[in-house]
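One structure is given here, and the rest of the page talks about it.
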Amino acid sequence: MRSPVLPLTWHLTRSSGRRGLQSHLLSAAAAAAGALILLTLLSAHLGSGTRADRTAWRTPDAVSAAQATAIQTLGTTYVNHRPVTVVSLAQLPNRPDTPAPPGLDRFPAPGRTYLSPALANLMDRLPAGQLANRFPAKTDYGTLGEAGLGAPEELVAVVGRTPDDPAITRAPEGDALNTLAARARVSGFTGTKPSMFTSFDQQAAVLGGALLVVPVIVLASAAGRLGVARREQRLAALRLAGATPRQILAMTGVESAAVGLAGGLLGAVAYTLLLPVLTWVPYGIGTWYGELWVGLPWLLAVVAAVAVLTSVSAVSTLRGVARSPLGVAQQADPRRTRLIRLVLFVAIGLYVTVTAHGGGLSTGQSLALIVLVYGAFWMLGPWVVDMLGRLLSRFARRPATLLAARRLSDDPRGAWRTVSGLVLAGLVAGFFTVGQVGIGGYDCPGQVAVRADHGKPRELAVQARELLAKARVKASVETASADVWDGILSGSKGVVVHVRGGQEQIDTATTALSSLSPGNLPFTEDYVNAEGDITTRVIGEMGLAVLALGFLVAAASAGLTAAATVLDRRRVYGLLRLAGTPLKVLDRARMRETALPLVVLAGGTTATGIYAGMKVNEMFHMETDSSGAVRLALCVALGAATMFAALAGSRPLLRKVTAERAQDPD
Amino acid sequence: MSTVLAGNGLIKKYGTTNALAGVDVQVAERESLAIMGPSGSGKSTLLHTLAGIIRPDRGQVLLRGERSEMEIPPAEGWGRVDHWGENRLSALRRKRFGFVFQFGQLLPELPAEENVALPLMLEGVPRRQAVQRARRWFAPLGLAGLEHRRPGQLSGGQAQRVAIARALAVEPDVVFADEPTGALDQSTGEEVIRLLTSVTRDQGAALVMVTHDAEVAAHCDRVLQVRDGRVSGYSQYTVA
């Protein structure tokens with residue numbers, strides 16, 4: 001016999017009227033927002049990886065001398081604090097032709113220079129003495145295409161040279177730890193090591209995703225819980241009419257999955273439509289080409305995941321109805337929480353503290369710990385809400401506070417769900433604002449250095465003075481020996497130029513010294529601090545994105561849950577109102593129900609976030625940014641204000657549902 | 001007995017439906033008045049209009065014991081409820097009226113005694129005193145020992161008695177009851193209605209009750225029959 005579940009579900013959904021439609025629309029909107037955020041996070045993660053892969057060709061993977069067809073060097077120079085990647089290529093004689101590098105249609109001939117569009121543009125705008133003169137003098141530069149670039153803003157030059165050019169023969173081998181400089185024999189461009197400027201983007205995206213995924217799940221769950229009371233009444237009636245628990249759960253699952261699916265698809269459409277806008281959002285090395293499209297399989301997977309989440313959430317709220325036809329109507333006892341939650345929280349806290357102590361964790365381990373910390377708070381939250389409710393109900397003196405306190409201890413899990421988004425966002429805020437690291441890098445402002453790997457520092461210093469004088473740069477020049485480790489040269493011999501004047505003078509000095517030691521590009525403070533600066537910038541950008549999205553998601557969850565609560569309690573609110581209870585008392589009770597646990601719990605999680613942020617700083621031997629506390633206070637205040645605005649958004653709904661009772665012609 | 005509440009020429013329309021088509025009604029002190037009629041006859045609309053929940057399109061709702069706002073008699077000591085703003089009406093419903101509905105009026109998370117104390121607290125009575133005053137109603141209404149139970153732990157009849165206690169806790173002039181026994185079985189309904197009428201009278205309050213059950217209405221002093229938004233007749237019962 002054909003199952004009656006689907007046709008009955010469809011019939012009931014269609015006949016649920018305007019209120020049912022309202023709930024469905026709100027549910028779908030929440031699911032859409034969840035899907036959009038998940039897809040955005042996923043696209044940042046996948047896009048960062050693709051982008052990083054596209055830069056890998058610049059860092060050569062060495063082949064044996066017998067297999068080699070060309071020599072490739074990689075150098076990095078800075079202009080106005082922006083890195084310029086310089087790839088030099090030389091075809092070896094009597095060897096097969098080397099294929100063209102990505103972004104070029106042929107292997108560059110000696111003397112030929114190709115520039116990324118952004119670099120060409122910058123060269124047009126800056127005097128030649130600040131930038132263009134660093135490259136072989138040419139006016140007809142070729143263009144390095146999109147395939148060879150990570151982002152449209154990247155400054156990259158590819159220079160064709162002869163194998164005996166000193167820029168090739170004297171270029172440093174580089175080291176395994178950074179990819180700012182390298183030299184190797186190659187036979188193609190199959191490098192596997194992405195540019196250092198892109199290498200941290202994907203990790204930071206994973207970290208941001210891990211921190212945001214729980215608030216997004218909370219949002220999707222809030223979507224699933226909308227209209228619970230209406231659904232429970234309907235399904236309890238069906239149970240009384242003889243429907244089995246399985247049929248009830250199946251109907252709920254199907255209905256909410258359909259709504260979640262519709263919302264997920266809406267989110268996917270919104271994501272697709274927003275892609276052109278998203279590509280303009282700078283992250284890491286810059287904006288994007290087309291890497292943000294996650295592809296159809298991922299798109300469908302996210303839509304399916306949102307539908308499943310919405311469905312599971314809705315089904316989990318109906319266990320009462322499934323157990324008994326009387327469902328929640330017979331709920332007599334408060335949904336108490338047990339002390340075991342606190343015990344488990346303490347145990348997890350100890351474990352995380354011990355594991356994180358001393359650092360040295362891999363990305364995977366760090367993510368696992370973050371998930372564990374989230375889980376621990378998820379477990380503890382309802383218990384704290386319960387305790388808070390009991391304590392407040394003992395001392396409450398005003399009706400609104402008493403109502404709020406009794407509600408908290410009556411359904412601590414429900415109250416926790418309302419605030420959980422912001423509470424967990426507080427954890428993120430604490431982590432990122434304090435983890436917004438200020439790295440103790442080299443402090444050498446106004447200095448330009450050139451290594452003297454193939455010459456005597458004293459001779460180089462003389463030449464440097466001449467070059468600087470010719471470029472009209474006011475500077476003093478000194479030599480450094482190989483045993484000085486705390487300077488800009490950090491243990492290499494060479495010359496150090498102290499430039500007087502601003503950044504333009506530094507750039508002019510850097511350009512003037514480009515020919516001083518072929519193969520060794522002059523470098524500045526930006527170069528030696530590159531790795532730390534990249535990490536700081538990417539963490540900062542991701543932190544900001546996580547905070548903004550986290551608070552938005554939290555506010556959306558709170559607003560939805562508040563609207564759902566008003567709809568679910570419309571009868572009791574309406575009758576209280578008829579009996580003369582002022583609307584503001586009901587509204588205050590509703591607000592306090594959220595504000596009280598928020599103040600207590602958000603404080604706790606924010607403190608934990610600060611602790612975790614400091615631990616991360618310790619792991620990376622970084623200093624904690626003291627201005628983080630101010631940012632944190634601002635973030636939490638802004639988040640709380642957003643949340644209360646979202647709650648206040650359901651005030652007209654409260655007014656409306658409490659006025660509806662009188663519209664009865666009987 | 002003198003009149004405490006009156007509705008004169010009350011008219012109320014919902015779209016093209018005449019919920020009230022010119023109703024005159026007076027409620028005397030300590031009187032119990034049942035409003036009966038078939039579904040859609042306008043009986044709930046009449047109760048809501050008298051209680052200041054619905055504003056009539058035309059006509060007056062007059063309540064004794066309020067500052068006079070009228071230029072025409074009966075001016076002295078009568079307030080015209082249908083002219084009041086929502087805040088004043090809310091205060092009126094809280095202070096001088098009590099309400100008992102069919103079901104669902106108790107807050108599920110509050111214990112019974114706090115449900116009863118709630119209107120007092122809303123009036124600014126300190127919580128401890130409000131709860132003490134609320135507890136006084138439990139024994140007379142047969143609720144002794146149930147003070148700490150929550151609505152979900154009470155039977156339907158017990159929950160309605162708690163609702164009656166809450167309606168009477170503010171010592172109102174008029175108690176409005178909308179199908180107060182509609183969700184109860186016959187014997188429990190009988191018991192609840194007997195308590196409602198007797199305790200209300202003992203408190204010196206009038207009772208206005210909507211019911212479709214003639215046996216329930218028989219407990220009241222008078223029965224007002226409503227049909228198509230008009231009063232179709234009165235019945236007078238002997239007070240039991």
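Scheme for the structure tokens: letters A, B, ... for chains in order shown; per-chain residue numbers from 1; ligand numbers from 1 in order shown.
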
Could you give me, as a list in words, the residues within 10 Å of Ala21 in chain B, counting only C-alpha atoms and dropping anything in the same chain fewer than 6 positions from it?
->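 With the cut-off at 10 Å, the set is Gly9, Leu10, Ile11, Lys12, Lys13, Gly42, Arg58, Arg227, Asp228, Gly229, Arg230 and Val231 of chain B.
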
Filtering to all heavy atoms, could you give me those residues as a compact mmCIF listing (two decimals), in the first residue's frame?
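This went into result_8.txt:
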```
# COMPACT_ATOMS: atom_id res chain seq x y z
N GLY B 9 -26.95 50.63 23.38
CA GLY B 9 -26.98 50.73 21.91
C GLY B 9 -25.69 50.28 21.25
O GLY B 9 -25.19 50.94 20.33
N LEU B 10 -25.16 49.17 21.68
CA LEU B 10 -23.84 48.72 21.19
C LEU B 10 -23.94 48.13 19.79
O LEU B 10 -24.74 47.23 19.54
CB LEU B 10 -23.24 47.68 22.14
CG LEU B 10 -22.97 48.18 23.56
CD1 LEU B 10 -22.52 47.02 24.45
CD2 LEU B 10 -21.92 49.27 23.56
N ILE B 11 -23.13 48.66 18.91
CA ILE B 11 -23.08 48.16 17.52
C ILE B 11 -21.63 47.86 17.19
O ILE B 11 -20.73 48.66 17.46
CB ILE B 11 -23.63 49.21 16.53
CG1 ILE B 11 -25.14 49.40 16.77
CG2 ILE B 11 -23.35 48.82 15.08
CD1 ILE B 11 -25.77 50.49 15.93
N LYS B 12 -21.39 46.67 16.62
CA LYS B 12 -20.03 46.29 16.20
C LYS B 12 -20.12 45.46 14.93
O LYS B 12 -20.86 44.47 14.86
CB LYS B 12 -19.33 45.48 17.31
CG LYS B 12 -17.93 45.04 16.96
CD LYS B 12 -16.99 46.22 16.95
CE LYS B 12 -15.60 45.83 16.47
NZ LYS B 12 -14.72 47.01 16.36
N LYS B 13 -19.36 45.87 13.93
CA LYS B 13 -19.38 45.13 12.66
C LYS B 13 -18.00 44.57 12.37
O LYS B 13 -16.99 45.23 12.65
CB LYS B 13 -19.77 46.07 11.51
CG LYS B 13 -21.25 46.39 11.44
CD LYS B 13 -21.54 47.18 10.17
CE LYS B 13 -23.04 47.40 10.04
NZ LYS B 13 -23.39 48.07 8.79
N GLY B 42 -22.67 36.58 18.48
CA GLY B 42 -22.13 37.84 18.97
C GLY B 42 -21.94 37.87 20.48
O GLY B 42 -21.63 38.91 21.06
N ARG B 58 -20.49 51.88 17.54
CA ARG B 58 -21.41 52.89 18.10
C ARG B 58 -21.91 52.39 19.44
O ARG B 58 -21.88 51.20 19.75
CB ARG B 58 -22.59 53.12 17.15
CG ARG B 58 -22.18 53.86 15.88
CD ARG B 58 -23.35 54.06 14.94
NE ARG B 58 -24.37 54.94 15.49
CZ ARG B 58 -25.55 55.19 14.90
NH1 ARG B 58 -25.85 54.63 13.75
NH2 ARG B 58 -26.43 56.00 15.46
N ARG B 227 -28.90 36.66 19.63
CA ARG B 227 -29.02 36.01 18.33
C ARG B 227 -28.82 37.07 17.25
O ARG B 227 -29.41 38.14 17.34
CB ARG B 227 -30.39 35.35 18.18
CG ARG B 227 -30.61 34.58 16.88
CD ARG B 227 -31.97 33.94 16.86
NE ARG B 227 -32.05 32.83 17.80
CZ ARG B 227 -31.71 31.57 17.52
NH1 ARG B 227 -31.27 31.27 16.32
NH2 ARG B 227 -31.82 30.62 18.41
N ASP B 228 -27.93 36.78 16.31
CA ASP B 228 -27.63 37.73 15.21
C ASP B 228 -27.28 39.12 15.71
O ASP B 228 -27.70 40.13 15.14
CB ASP B 228 -28.83 37.82 14.25
CG ASP B 228 -29.12 36.49 13.59
OD1 ASP B 228 -28.14 35.72 13.41
OD2 ASP B 228 -30.28 36.20 13.30
N GLY B 229 -26.58 39.18 16.82
CA GLY B 229 -26.10 40.47 17.33
C GLY B 229 -27.15 41.26 18.08
O GLY B 229 -26.92 42.42 18.43
N ARG B 230 -28.30 40.65 18.35
CA ARG B 230 -29.35 41.36 19.10
C ARG B 230 -29.75 40.54 20.32
O ARG B 230 -29.64 39.31 20.31
CB ARG B 230 -30.60 41.54 18.23
CG ARG B 230 -30.39 42.43 17.03
CD ARG B 230 -31.67 42.46 16.19
NE ARG B 230 -31.39 43.14 14.92
CZ ARG B 230 -31.36 44.45 14.78
NH1 ARG B 230 -31.61 45.24 15.81
NH2 ARG B 230 -31.11 44.99 13.60
N VAL B 231 -30.27 41.23 21.32
CA VAL B 231 -30.79 40.53 22.51
C VAL B 231 -32.14 39.96 22.12
O VAL B 231 -33.05 40.70 21.71
CB VAL B 231 -30.93 41.50 23.70
CG1 VAL B 231 -31.57 40.79 24.88
CG2 VAL B 231 -29.57 42.06 24.07
```

Residues of chain B within 8 Å of chain A, using only C-alpha atoms, as a VMD selection string?
-> chain B and resid 14 17 19 39 to 45 48 53 to 54 87 89 to 94 97 to 99 101 104 to 107 109 to 110 118 to 119 121 to 122 126 to 127 150 to 153

Counting only C-alpha atoms, what is within 10 Å of Val423 in chain A, bar same-chain residues fewer than 6 positions away, as a list of chain:residue names?
->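 Once the adjacent positions are removed, what remains is A:Pro215, A:Phe377, A:Trp378, A:Gly381, A:Trp416, A:Arg417, A:Ala429, A:Phe551, A:Ala554, A:Pro597, A:Leu598, A:Val599, A:Val600, A:Leu601, A:Ala602, A:Gly603, A:Gly604, A:Thr605, A:Thr606, A:Val636, A:Gly639, A:Ala640.
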
Range 344-575 of chain A: which residues are strand (DSSP E) by DSSP, as JSON, numbers by chain?
-> {"A": [447, 448, 449, 450, 451, 475, 476, 477, 478, 479, 480, 494, 495, 496, 497, 498, 499, 523, 524]}

Which one of B:Arg194, B:Glu114, B:Met209, B:His219 sits closest to Leu50 in chain B if you count only C-alpha atoms?
-> B:Met209

Near Gly111 in chain A, within 7 Å and counting only C-alpha atoms, which residues show up once chain neighbours fewer than 4 positions away are dropped, as a PyMOL selection string?
-> chain A and resi 136+159-161

When you draw a straight line from CA of Ala181 in chain A to CA of Ile168 in chain A, how long is it in Å?
->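 Here the two named atoms are 12.0 Å from each other.
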
Distance criterion (only C-alpha atoms): nearest to Ser43 in chain A out of A:Leu274, A:Ile71, A:Leu25, A:Ala171 =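 The answer is A:Leu274, which sits nearest to Ser43 in chain A.
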
Using CA of Val306 in chain A and CA of Gln203 in chain A as the two end points, give the distance in Å to one decimal.
-> 23.9 Å

May I ask for the distance between CA of Ile348 in chain A and CA of Gly609 in chain A, given in Å to one decimal place?
-> 15.2 Å

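For Val528 in chain A, the non-local neighbours within 10 Å, defined as residues at least 4 positions apart in the same chain or in other chains and counting only C-alpha atoms, are Leu180, Gly441, Tyr442, Asp443, Cys444, Ile488, Leu489, Ser490, Phe523, Thr524, Gly532 and Asp533 of chain A.
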
From B:Val174, B:Val192, B:Leu5, B:Leu62, residue lying nearest Leu141 in chain B [only C-alpha atoms] | B:Val192

Compile the contact shell of Ala204 in chain A as a list in words: residues with an atom at most 7 Å away, counting only C-alpha atoms, same-chain residues fewer than 6 positions apart removed.
->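 Near neighbours after the sequence-gap exclusion: Val538, Ile539 and Met542 of chain A.
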
Write out, as a PDB file, in the first residue's frame, the residues just selected, with N, CA, C and O atoms.
```pdb
ATOM      1  N   VAL A 538      46.311  38.309   7.384  1.00  0.00           N
ATOM      2  CA  VAL A 538      45.277  37.331   7.031  1.00  0.00           C
ATOM      3  C   VAL A 538      44.412  37.001   8.251  1.00  0.00           C
ATOM      4  O   VAL A 538      43.184  36.902   8.151  1.00  0.00           O
ATOM      5  N   ILE A 539      45.058  36.841   9.422  1.00  0.00           N
ATOM      6  CA  ILE A 539      44.276  36.574  10.634  1.00  0.00           C
ATOM      7  C   ILE A 539      43.337  37.757  10.908  1.00  0.00           C
ATOM      8  O   ILE A 539      42.174  37.582  11.263  1.00  0.00           O
ATOM      9  N   MET A 542      40.470  37.669   8.341  1.00  0.00           N
ATOM     10  CA  MET A 542      39.559  36.576   8.625  1.00  0.00           C
ATOM     11  C   MET A 542      38.803  36.844   9.930  1.00  0.00           C
ATOM     12  O   MET A 542      37.607  36.571  10.037  1.00  0.00           O
TER      13      MET A 542
END
```

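Near Ala257 in chain A, within a cut-off of 6 Å and counting only C-alpha atoms, sit the residues Gly253, Leu261, Ala307 and Ser311 of chain A, with same-chain residues fewer than 4 positions away left out.
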
Suppose we keep C-alpha atoms; can you now write the selection as a PDB file, in the first residue's frame?
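Resulting contents of part-v2.pdb:
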```
ATOM      1  CA  GLY A 253      11.056  15.508   8.505  1.00  0.00           C
ATOM      2  CA  LEU A 261      15.726  22.550   0.673  1.00  0.00           C
ATOM      3  CA  ALA A 307      17.991  20.704   4.347  1.00  0.00           C
ATOM      4  CA  SER A 311      14.924  18.592   9.142  1.00  0.00           C
TER       5      SER A 311
END
```

Please report as a Markdown table every residue of range 124-150 of chain B lying within 12 Å of range 199-205 of chain B, along with the nearest atom pair and their distance in Å (one decimal), using only C-alpha atoms.
```
| residue | atom | partner | partner_atom | distance |
| --- | --- | --- | --- | --- |
| B:Trp137 | CA | B:Val199 | CA | 9.9 |
| B:Phe138 | CA | B:Val199 | CA | 11.9 |
| B:Ala139 | CA | B:Val199 | CA | 11.9 |
| B:Pro140 | CA | B:Val199 | CA | 8.3 |
| B:Leu141 | CA | B:Val199 | CA | 8.3 |
| B:Gly142 | CA | B:Val199 | CA | 11.7 |
```
